[in-house]
Structures are given as structure tokens and as C-alpha cells.
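S.K.: Below is one structure. I have some questions about it.
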Amino acid sequence: MTKQEKAEFVQEKLQELYPEVPIPLKHKDAYTLLVAVLLSAQCTDARVNEITPTLFKRADNPHDMVKLSVEDIHEIIRPCGLAGSKSKGIYGLSQMILDLHGGVVPEGFEELEAMPGVGHKTASVVMSQAFGHPAFPVDTHIHRLIYRWGLSNGKNVVQTEKDSKRLFPKDKWNKLHLQIIYFGREHCPARGHDPEVCPICSQVGRRSLWVK
């Protein structure tokens, strides 16, 4: 298969397996999604979803969040890991939203990525899932699968995002990002993976990477 043929197969298989894909992080608006995505760095979505109800009960908007101290936020989100930097990031971005954007999460990559704790992946998730703009967020899991399927050289997440955007239709990016996440969890884990029974790797995977 060519890369384009592989991409088309992947897209068809993912649509077959996951015709509907809810956003795995619990949220109610762009602000709570932004905070949840920031918390999800090196932390499972399940763990984030256990913690955010407590945090959002105290503060589910930037006005209330800055009434908490960084230490208050830190204590609530401690189970997520990297709580020190994340608590500072949450407080800092909340203050920036108030100071620069009238209390509303900005609808732009440049503005989002200027916030503390917000990288390109986080901004891409918010732009795609909160605002509906085409984006292809690439985390370590998607980076791994796109390489495993022979769709990118695995050099870095920037290259993976570029290759993915070139191979997949723009109007499918937002949904595909979520479909790949769900597929990776259910069929294509990093360890203990049998590519011969994987619905996608068995057809398009890099056979040189197969490990029994």
C-alpha cells in the first residue's frame, strides 16, 4: 500500500469501529476543557476525570480560579502528577484570560499557546473540540500509532502532525484524533501488542516493528 492508501484504510476502519466518539475529558465549556487538557499531560484521562469535579466545584471559571491560591489548586490536583507546574499554569492562564481576553477563552492558536502550561497539543484540542476549528492534536499515543502504521517517520510530533494533516481530509481531523485515541486504548497499546490480530496493524503496520 502507498501511504495514502494506508491512510484511507485507517480512516475507514476507525469510522467502522468508532462512528461516535465522545470527548474523553469531562468538561462543560472551553475553559473547563482547557484546564482538563492541561491536567492530562502525563496523566490518564480517567484520573483527570476523578479530580476535575472537585476542582470545578471550587472554581469552574477563571474568575473563581484566581480566588484560589496556587497552593489550593496544587492540593486538589496533586494526584495528577506534575502538580507544581500544573497548578501554576492553571492559575496563570486564568489570570491571563481575565487580563487580556475579558474572562473568555480566546479562539486562536497564538493566544492559547501564549498561556502558561499551554502547548501546541493542548491548544489544538481546545481549538478542535471546544471551537470546532480543524486541528490534528498529536500526543505521544497518536505519535506512536501514526508511526506504527507507516504514515510518518516518527522523527517528532511536529512531523507526525504535518504528515497526518497531509494524508487525512481536513474535515475529518477533529474526529480522527479522538478515534485514534480510542483505538489505541482498545486495540493498539504500547506494550503487549499483537500486530497480527490488530485490526489496523495487521493490514498496514510496519512489520519490522512486530514483536511477538
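By order of appearance in the C-alpha cells: chains A, B, ..., then residues from 1 within every chain, and ligands from 1 in the order shown.
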Within 10 Å of Asp139 of chain A, counting only C-alpha atoms, which residues qualify if same-chain residues fewer than 6 places away don't, as a list in words?

M.R.: Ala41, His120, Lys121, Thr122, Val157, Thr160, Glu161, His177 and Ile181 of chain A

S.K.: For segment 144-155 of chain A, please output as an NGL selection string all residues within 12 Å (counting only C-alpha atoms; exclusion window: fewer than 6 positions along the same chain).

M.R.: :A and (1-11 or 136 or 138 or 161-168 or 176-177 or 179-185 or 187-191 or 193 or 195 or 198-211)

S.K.: I want to know what sits within 10 Å of segment 77-86 of chain A, based on only C-alpha atoms, with residues of the same chain fewer than 2 positions away left out; could you give that as JSON, numbers by chain?

M.R.: {"A": [35, 38, 39, 40, 41, 42, 43, 44, 45, 47, 48, 50, 51, 52, 54, 55, 70, 71, 72, 73, 74, 75, 88, 89, 90, 91, 92, 116, 117, 118]}

S.K.: When you count only C-alpha atoms, which of these residues is closest to Lys28 of chain A: A:Pro53, A:Pro106, A:Pro169, A:Gly192?

M.R.: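 Selected residue with least distance to Lys28 of chain A: A:Pro53.
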
S.K.: Please report the interatomic distance between atom CA of Glu111 of chain A and atom CA of Ala46 of chain A in Å with one decimal.

M.R.: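 Computed distance, atom CA of Glu111 of chain A to atom CA of Ala46 of chain A, equals 28.2 Å.
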
S.K.: So what do you get for atom CA of Gln15 of chain A versus atom CA of Lys170 of chain A, distance-wise?

M.R.: 15.2 Å

S.K.: Nearest residue to Pro24 of chain A out of A:Met96, A:Gly119, A:Gln129, A:Gly103, using only C-alpha atoms?

M.R.: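 Answer, going by the shortest atom-to-atom distance: A:Gln129.
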
S.K.: Find the residue from A:Tyr31, A:Phe56, A:Tyr18, A:Trp173 that sits nearest to Val104 of chain A; use only C-alpha atoms when measuring.

M.R.: A:Tyr31

S.K.: Can you build me a table of segment 108-155 of chain A residues sitting at most 12 Å from segment 99-102 of chain A, with the closest atom pair per residue and its distance in Å to one decimal, using only C-alpha atoms, sorted by chain and residue number, as a Markdown table?

M.R.:
```
| residue | atom | partner | partner_atom | distance |
| --- | --- | --- | --- | --- |
| A:Gly108 | CA | A:His101 | CA | 11.3 |
| A:Glu111 | CA | A:His101 | CA | 9.2 |
| A:Leu112 | CA | A:His101 | CA | 10.6 |
| A:Ala114 | CA | A:Leu100 | CA | 11.1 |
| A:Met115 | CA | A:Leu100 | CA | 10.6 |
```

S.K.: Those same residues, written as a JSON list (two decimals), in the first residue's frame with C-alpha atoms?

M.R.:
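Contents of the output file part-v1.json:
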```json
[["chain", "number", "residue", "atom", "x", "y", "z"],
["A", 108, "GLY", "CA", -6.93, 31.29, 18.44],
["A", 111, "GLU", "CA", -3.40, 33.42, 22.03],
["A", 112, "LEU", "CA", -3.80, 29.97, 23.57],
["A", 114, "ALA", "CA", 0.92, 32.22, 24.81],
["A", 115, "MET", "CA", -0.61, 30.99, 28.06]]
```

S.K.: Return the single residue from A:His133, A:His143, A:Ala30, A:Leu14 that is closest to Leu178 of chain A, with distances computed using only C-alpha atoms.

M.R.: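 Checking each of A:His133, A:His143, A:Ala30, A:Leu14 against Leu178 of chain A, counting only C-alpha atoms, the winner is A:Leu14.
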
S.K.: For atom CA of Val197 of chain A and atom CA of Glu20 of chain A, quote the distance in Å rounded to one decimal.

M.R.: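 Interatomic distance, atom CA of Val197 of chain A to atom CA of Glu20 of chain A: 23.1 Å.
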